[in-house]
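Peer 1: For reference, the file work.txt (compact mmCIF, C-alpha atoms) is included below:
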```txt
# COMPACT_ATOMS: atom_id res chain seq x y z
CA MET A 141 -37.55 10.11 -36.83
CA ASN A 142 -36.91 13.24 -38.81
CA THR A 143 -33.35 14.49 -38.45
CA THR A 144 -33.16 16.68 -41.52
CA THR A 145 -34.11 19.85 -39.63
CA ARG A 146 -31.12 19.65 -37.31
CA GLN A 147 -28.28 18.47 -39.51
CA THR A 148 -24.81 19.70 -38.60
CA GLU A 149 -23.83 22.98 -40.24
CA ILE A 150 -20.28 24.20 -40.67
CA THR A 151 -19.66 27.88 -41.29
CA ALA A 152 -16.50 29.95 -41.50
CA ASP A 153 -16.60 33.22 -39.63
CA PRO A 154 -15.81 36.07 -42.06
CA ASP A 155 -14.08 38.19 -39.39
CA VAL A 156 -12.36 35.72 -37.08
CA PRO A 157 -10.20 32.76 -38.18
CA LEU A 158 -12.47 30.05 -36.83
CA VAL A 159 -14.87 27.43 -38.10
CA ARG A 160 -18.23 27.17 -36.35
CA ILE A 161 -20.06 23.84 -36.10
CA THR A 162 -23.78 24.24 -35.33
CA ARG A 163 -26.16 21.44 -34.41
CA GLU A 164 -29.49 21.37 -32.55
CA PHE A 165 -30.57 18.60 -30.21
CA ASP A 166 -34.01 17.44 -29.11
CA ALA A 167 -33.03 17.67 -25.45
CA PRO A 168 -32.99 20.25 -22.68
CA PRO A 169 -29.82 22.38 -22.46
CA ALA A 170 -28.98 20.83 -19.08
CA ALA A 171 -28.83 17.36 -20.64
CA VAL A 172 -26.63 18.52 -23.56
CA PHE A 173 -24.35 20.30 -21.08
CA ARG A 174 -24.17 17.19 -18.89
CA ALA A 175 -23.26 15.02 -21.88
CA HIS A 176 -20.23 17.30 -22.42
CA THR A 177 -19.17 17.59 -18.77
CA ASP A 178 -19.71 14.04 -17.47
CA PRO A 179 -16.71 11.95 -18.58
CA ASP A 180 -18.72 8.70 -18.52
CA LEU A 181 -21.25 10.21 -20.94
CA PHE A 182 -18.61 12.04 -23.00
CA VAL A 183 -16.70 8.85 -23.92
CA ARG A 184 -19.92 7.36 -25.29
CA TRP A 185 -20.24 9.83 -28.14
CA ASN A 186 -16.88 11.62 -28.64
CA GLY A 187 -14.49 11.05 -31.51
CA PRO A 188 -14.67 9.41 -34.91
CA ARG A 189 -16.64 6.17 -34.94
CA ASP A 190 -13.61 3.88 -35.24
CA LEU A 191 -11.69 5.40 -32.30
CA GLU A 192 -12.30 5.00 -28.59
CA THR A 193 -11.79 7.76 -26.06
CA ARG A 194 -9.78 6.97 -22.94
CA ILE A 195 -9.94 9.78 -20.40
CA ASP A 196 -6.80 10.65 -18.46
CA HIS A 197 -8.40 13.40 -16.44
CA PHE A 198 -11.52 15.46 -16.93
CA ASP A 199 -11.76 18.39 -14.56
CA CYS A 200 -14.67 20.30 -15.99
CA ARG A 201 -14.75 23.71 -14.35
CA THR A 202 -13.57 27.23 -15.14
CA GLY A 203 -9.76 27.07 -15.15
CA GLY A 204 -9.90 23.28 -15.14
CA SER A 205 -8.23 20.98 -17.65
CA TYR A 206 -8.82 17.73 -19.44
CA ARG A 207 -6.78 15.16 -21.27
CA TYR A 208 -7.95 12.15 -23.20
CA VAL A 209 -6.32 9.71 -25.59
CA MET A 210 -8.01 8.36 -28.69
CA HIS A 211 -7.15 4.76 -29.42
CA ARG A 212 -7.94 1.93 -31.80
CA GLY A 213 -6.80 -1.31 -30.18
CA ASP A 214 -3.16 -0.69 -29.20
CA GLU A 215 -2.84 2.20 -31.62
CA GLU A 216 -2.99 5.62 -29.98
CA MET B 270 -2.39 12.28 -55.60
CA VAL B 271 -3.69 14.36 -58.52
CA ALA B 272 -6.92 15.21 -56.73
CA ALA B 273 -5.08 16.46 -53.63
CA ASP B 274 -2.82 18.61 -55.79
CA ALA B 275 -5.79 20.17 -57.54
CA LEU B 276 -7.33 20.89 -54.16
CA SER B 277 -4.09 22.47 -52.90
CA ARG B 278 -3.96 24.72 -55.95
CA VAL B 279 -7.57 25.81 -55.47
CA PHE B 280 -7.08 26.54 -51.77
CA SER B 281 -3.83 28.45 -52.28
CA ALA B 282 -5.30 30.36 -55.24
CA LEU B 283 -8.08 31.54 -52.94
CA ALA B 284 -5.72 32.35 -50.05
CA ASP B 285 -5.55 35.94 -51.28
CA PRO B 286 -8.16 38.66 -50.70
CA ILE B 287 -7.88 40.22 -54.19
CA ARG B 288 -8.27 36.85 -55.90
CA ARG B 289 -11.26 36.00 -53.69
CA ASP B 290 -12.78 39.36 -54.58
CA MET B 291 -12.20 38.69 -58.28
CA VAL B 292 -13.90 35.31 -57.93
CA ALA B 293 -16.85 36.96 -56.14
CA ARG B 294 -17.23 39.44 -59.01
CA LEU B 295 -16.87 36.76 -61.68
CA ALA B 296 -19.61 34.79 -59.93
CA VAL B 297 -21.96 37.60 -60.98
CA ALA B 298 -20.80 37.89 -64.60
CA ASP B 299 -17.84 37.32 -66.93
CA ALA B 300 -15.47 40.29 -67.15
CA THR B 301 -12.44 41.44 -69.11
CA VAL B 302 -9.04 41.90 -67.45
CA ASN B 303 -9.47 45.69 -67.63
CA GLN B 304 -12.88 45.52 -66.00
CA LEU B 305 -11.46 43.28 -63.28
CA ALA B 306 -8.53 45.61 -62.66
CA GLU B 307 -10.66 48.76 -62.36
CA PRO B 308 -11.54 48.79 -58.63
CA TYR B 309 -8.07 47.78 -57.41
CA ASP B 310 -5.11 49.99 -56.68
CA VAL B 311 -2.78 47.68 -58.62
CA THR B 312 -1.56 47.49 -62.20
CA VAL B 313 -3.29 45.52 -64.94
CA GLN B 314 -0.16 43.35 -65.03
CA ALA B 315 -0.62 42.49 -61.36
CA VAL B 316 -4.24 41.57 -62.03
CA SER B 317 -3.09 39.41 -64.95
CA LYS B 318 -0.74 37.60 -62.57
CA HIS B 319 -3.59 36.97 -60.14
CA LEU B 320 -5.70 35.70 -63.04
CA LYS B 321 -2.92 33.33 -64.07
CA VAL B 322 -2.97 31.79 -60.58
CA LEU B 323 -6.75 31.38 -60.74
CA GLU B 324 -6.46 29.94 -64.24
CA ASP B 325 -3.77 27.42 -63.22
CA ALA B 326 -6.02 26.28 -60.37
CA GLY B 327 -8.80 25.75 -62.90
CA LEU B 328 -10.99 28.35 -61.24
CA VAL B 329 -11.28 30.60 -64.27
CA SER B 330 -10.92 30.25 -68.03
CA ARG B 331 -10.50 32.75 -70.82
CA SER B 332 -12.04 32.27 -74.21
CA ARG B 333 -9.50 32.15 -77.02
CA GLU B 334 -11.89 33.27 -79.74
CA ALA B 335 -13.55 36.46 -78.59
CA GLN B 336 -11.37 39.53 -78.98
CA ARG B 337 -12.27 40.84 -75.52
CA ARG B 338 -11.25 37.48 -74.07
CA PRO B 339 -13.62 37.70 -71.10
CA VAL B 340 -12.70 35.78 -67.96
CA HIS B 341 -15.17 33.08 -67.01
CA LEU B 342 -15.58 31.45 -63.60
CA GLU B 343 -15.43 27.64 -63.62
CA ALA B 344 -17.79 27.31 -60.68
CA GLU B 345 -17.83 23.49 -60.67
CA VAL B 346 -14.26 23.54 -59.31
CA PHE B 347 -15.82 24.62 -56.00
CA ASP B 348 -17.31 21.11 -55.80
CA LEU B 349 -13.79 19.91 -54.94
CA MET B 350 -13.74 22.17 -51.90
CA THR B 351 -17.32 21.41 -50.94
CA LYS B 352 -16.64 17.67 -51.01
CA TRP B 353 -13.54 18.13 -48.88
CA ILE B 354 -15.45 20.15 -46.28
CA GLU B 355 -18.48 17.85 -46.47
CA ARG B 356 -16.37 14.92 -45.25
CA TYR B 357 -15.71 16.77 -41.99
CA ARG B 358 -19.31 17.87 -41.69
CA HIS B 359 -20.33 14.23 -42.07
CA GLN B 360 -17.92 13.17 -39.30
CA ALA B 361 -19.32 15.84 -36.98
CA GLU B 362 -22.88 14.78 -37.80
CA GLU B 363 -22.00 11.14 -36.99
CA ARG B 364 -20.59 12.22 -33.65
CA PHE B 365 -23.68 14.28 -32.84
CA ARG B 366 -25.99 11.37 -33.74
CA ARG B 367 -24.18 9.34 -31.10
CA LEU B 368 -24.76 12.27 -28.76
CA ASP B 369 -28.49 12.12 -29.72
CA ASP B 370 -28.48 8.49 -28.54
CA VAL B 371 -26.78 9.39 -25.25
CA LEU B 372 -29.24 12.26 -24.67
CA ARG B 373 -32.20 9.91 -25.14
CA THR B 374 -30.98 7.84 -22.18
CA LEU B 375 -30.85 10.84 -19.82
CA PRO B 376 -33.73 11.87 -17.53
CA GLU B 377 -35.55 15.13 -18.38
CA ASP B 378 -34.81 16.83 -15.04
CA LEU B 379 -31.07 16.36 -15.06
CA ASN B 380 -28.54 18.43 -13.15
CA PRO B 381 -26.17 19.86 -15.78
CA ARG B 382 -23.15 19.26 -13.55
CA PRO B 383 -21.90 15.75 -12.96
CA GLY B 384 -20.64 14.54 -9.58
CA PRO B 385 -16.97 14.57 -8.57
CA THR B 386 -14.47 15.10 -11.36
CA LYS B 387 -12.46 12.22 -12.69
CA GLY B 388 -8.74 12.04 -12.04
CA ALA B 389 -6.50 14.83 -10.85
CA PRO B 390 -5.38 17.73 -13.04
CA ARG B 391 -1.69 17.72 -13.77
```
Could you write out this structure as structure tokens?

Peer 2:
Amino acid sequence: MNTTTRQTEITADPDVPLVRITREFDAPPAAVFRAHTDPDLFVRWNGPRDLETRIDHFDCRTGGSYRYVMHRGDEE
Amino acid sequence: MVAADALSRVFSALADPIRRDMVARLAVADATVNQLAEPYDVTVQAVSKHLKVLEDAGLVSRSREAQRRPVHLEAEVFDLMTKWIERYRHQAEERFRRLDDVLRTLPEDLNPRPGPTKGAPR
């Protein structure tokens, strides 16, 4: 599998104080969106490799909120 | 933590628009202090101060021999910053490769919205 064409890119916006992370996926937009909005899918890929994501609540809608805790064993 | 100190000096040296502009111009060619000072509405002394900061951070050097003492950009110092940023890029890439794996398990004709939300908002 060739992944070199869609490696993560990080760019700093020259006008706004933000850092933009860009990455393409070989999947339809609906699937990528779902992987961000479905908490059961989200915990499977979020966070650094050595930390697990434990979701407190995940209310994915406009004006909604979310809270999750990263943990490694008992360490939070 | 010598490496971290060097990195802090480089970042703080570049946390100034005039110094970043000087670096951008020195990336094109070496220049004397007077040449560097020309486009700015500040004194040559002020430019010298800026240069001192860049020099202390290792970003520029000035030859001792030549009478004009042109300022030279030590571009390899940017590797320090690139390596620092690259670590975070690598972490993001790792995360997105896990997302690749998740995406492969999903059906093609998926509804973008999941079912009921989990838990109650505070």

Peer 1: What are the closest atom pairs, with distances in Å to one decimal, for all residues of chain A lying within 9 Å of chain B? Consider all atoms listed in the file, order rows by chain and residue number, and present the result as a Markdown table.

Peer 2:
```
| residue | atom | partner | partner_atom | distance |
| --- | --- | --- | --- | --- |
| A:Gln147 | CA | B:Glu362 | CA | 6.8 |
| A:Thr148 | CA | B:Glu362 | CA | 5.3 |
| A:Glu149 | CA | B:Arg358 | CA | 7.0 |
| A:Ile150 | CA | B:Arg358 | CA | 6.5 |
| A:Ile161 | CA | B:Ala361 | CA | 8.1 |
| A:Arg163 | CA | B:Phe365 | CA | 7.7 |
| A:Phe165 | CA | B:Asp369 | CA | 6.8 |
| A:Asp166 | CA | B:Asp369 | CA | 7.7 |
| A:Ala167 | CA | B:Leu372 | CA | 6.7 |
| A:Pro168 | CA | B:Glu377 | CA | 7.2 |
| A:Pro169 | CA | B:Pro381 | CA | 8.0 |
| A:Ala170 | CA | B:Pro381 | CA | 4.4 |
| A:Ala171 | CA | B:Pro381 | CA | 6.1 |
| A:Val172 | CA | B:Leu372 | CA | 6.9 |
| A:Phe173 | CA | B:Pro381 | CA | 5.6 |
| A:Arg174 | CA | B:Pro381 | CA | 4.6 |
| A:Ala175 | CA | B:Leu372 | CA | 7.2 |
| A:Thr177 | CA | B:Pro383 | CA | 6.7 |
| A:Asp178 | CA | B:Pro383 | CA | 5.3 |
| A:Pro179 | CA | B:Lys387 | CA | 7.3 |
| A:Leu181 | CA | B:Val371 | CA | 7.1 |
| A:Phe182 | CA | B:Leu368 | CA | 8.4 |
| A:Arg184 | CA | B:Val371 | CA | 7.2 |
| A:Trp185 | CA | B:Arg367 | CA | 5.0 |
| A:Asn186 | CA | B:Arg364 | CA | 6.3 |
| A:Gly187 | CA | B:Arg364 | CA | 6.6 |
| A:Pro188 | CA | B:Gln360 | CA | 6.6 |
| A:Arg189 | CA | B:Arg364 | CA | 7.3 |
| A:Ile195 | CA | B:Lys387 | CA | 8.5 |
| A:Asp196 | CA | B:Gly388 | CA | 6.8 |
| A:His197 | CA | B:Gly388 | CA | 4.6 |
| A:Phe198 | CA | B:Lys387 | CA | 5.4 |
| A:Asp199 | CA | B:Thr386 | CA | 5.3 |
| A:Cys200 | CA | B:Thr386 | CA | 7.0 |
| A:Gly204 | CA | B:Pro390 | CA | 7.5 |
| A:Ser205 | CA | B:Pro390 | CA | 6.3 |
| A:Tyr206 | CA | B:Pro390 | CA | 7.3 |
| A:Arg207 | CA | B:Pro390 | CA | 8.7 |
```

Peer 1: Between B:Val292, B:Leu305, B:Ala300, B:Val346, which is the closest to Gly327 of chain B once you count all atoms listed in the file?

Peer 2: B:Val346

Peer 1: Rounded to one decimal in Å, what is the spacing between atom CA of Met210 of chain A and atom CA of Thr151 of chain A?

Peer 2: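 Going from atom CA of Met210 of chain A over to atom CA of Thr151 of chain A covers 26.0 Å.
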
Peer 1: Counting all atoms listed in the file, write as a list in words all protein and nucleic acid residues lying at most 9 Å from (-3.7, 41.4, -68.3) in the file's frame.

Peer 2: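 The answer, in the requested form, is Thr301, Val302, Asn303, Ala306, Thr312, Val313, Gln314, Ala315, Val316, Ser317, Lys318 and Leu320 of chain B.
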
Peer 1: Rounded to one decimal in Å, what is the spacing between atom CA of Lys321 of chain B and atom CA of Lys352 of chain B?

Peer 2: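 Separation of atom CA of Lys321 of chain B and atom CA of Lys352 of chain B: 24.6 Å.
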
Peer 1: Would you mind listing what lies within 12 Å of Val297 of chain B as a ChimeraX atom specification, with only C-alpha atoms counted and same-chain residues fewer than 6 positions away left out?

Peer 2: /B:290-291,340-342,344

Peer 1: Restricted to C-alpha atoms, what would the selected residues look like written as a CSV table (one decimal), in the coordinates of the input?

Peer 2:
```csv
chain,number,residue,atom,x,y,z
B,290,ASP,CA,-12.8,39.4,-54.6
B,291,MET,CA,-12.2,38.7,-58.3
B,340,VAL,CA,-12.7,35.8,-68.0
B,341,HIS,CA,-15.2,33.1,-67.0
B,342,LEU,CA,-15.6,31.4,-63.6
B,344,ALA,CA,-17.8,27.3,-60.7
```

Peer 1: How many Å separate atom CA of Leu276 of chain B from atom CA of Phe347 of chain B?

Peer 2: 9.5 Å
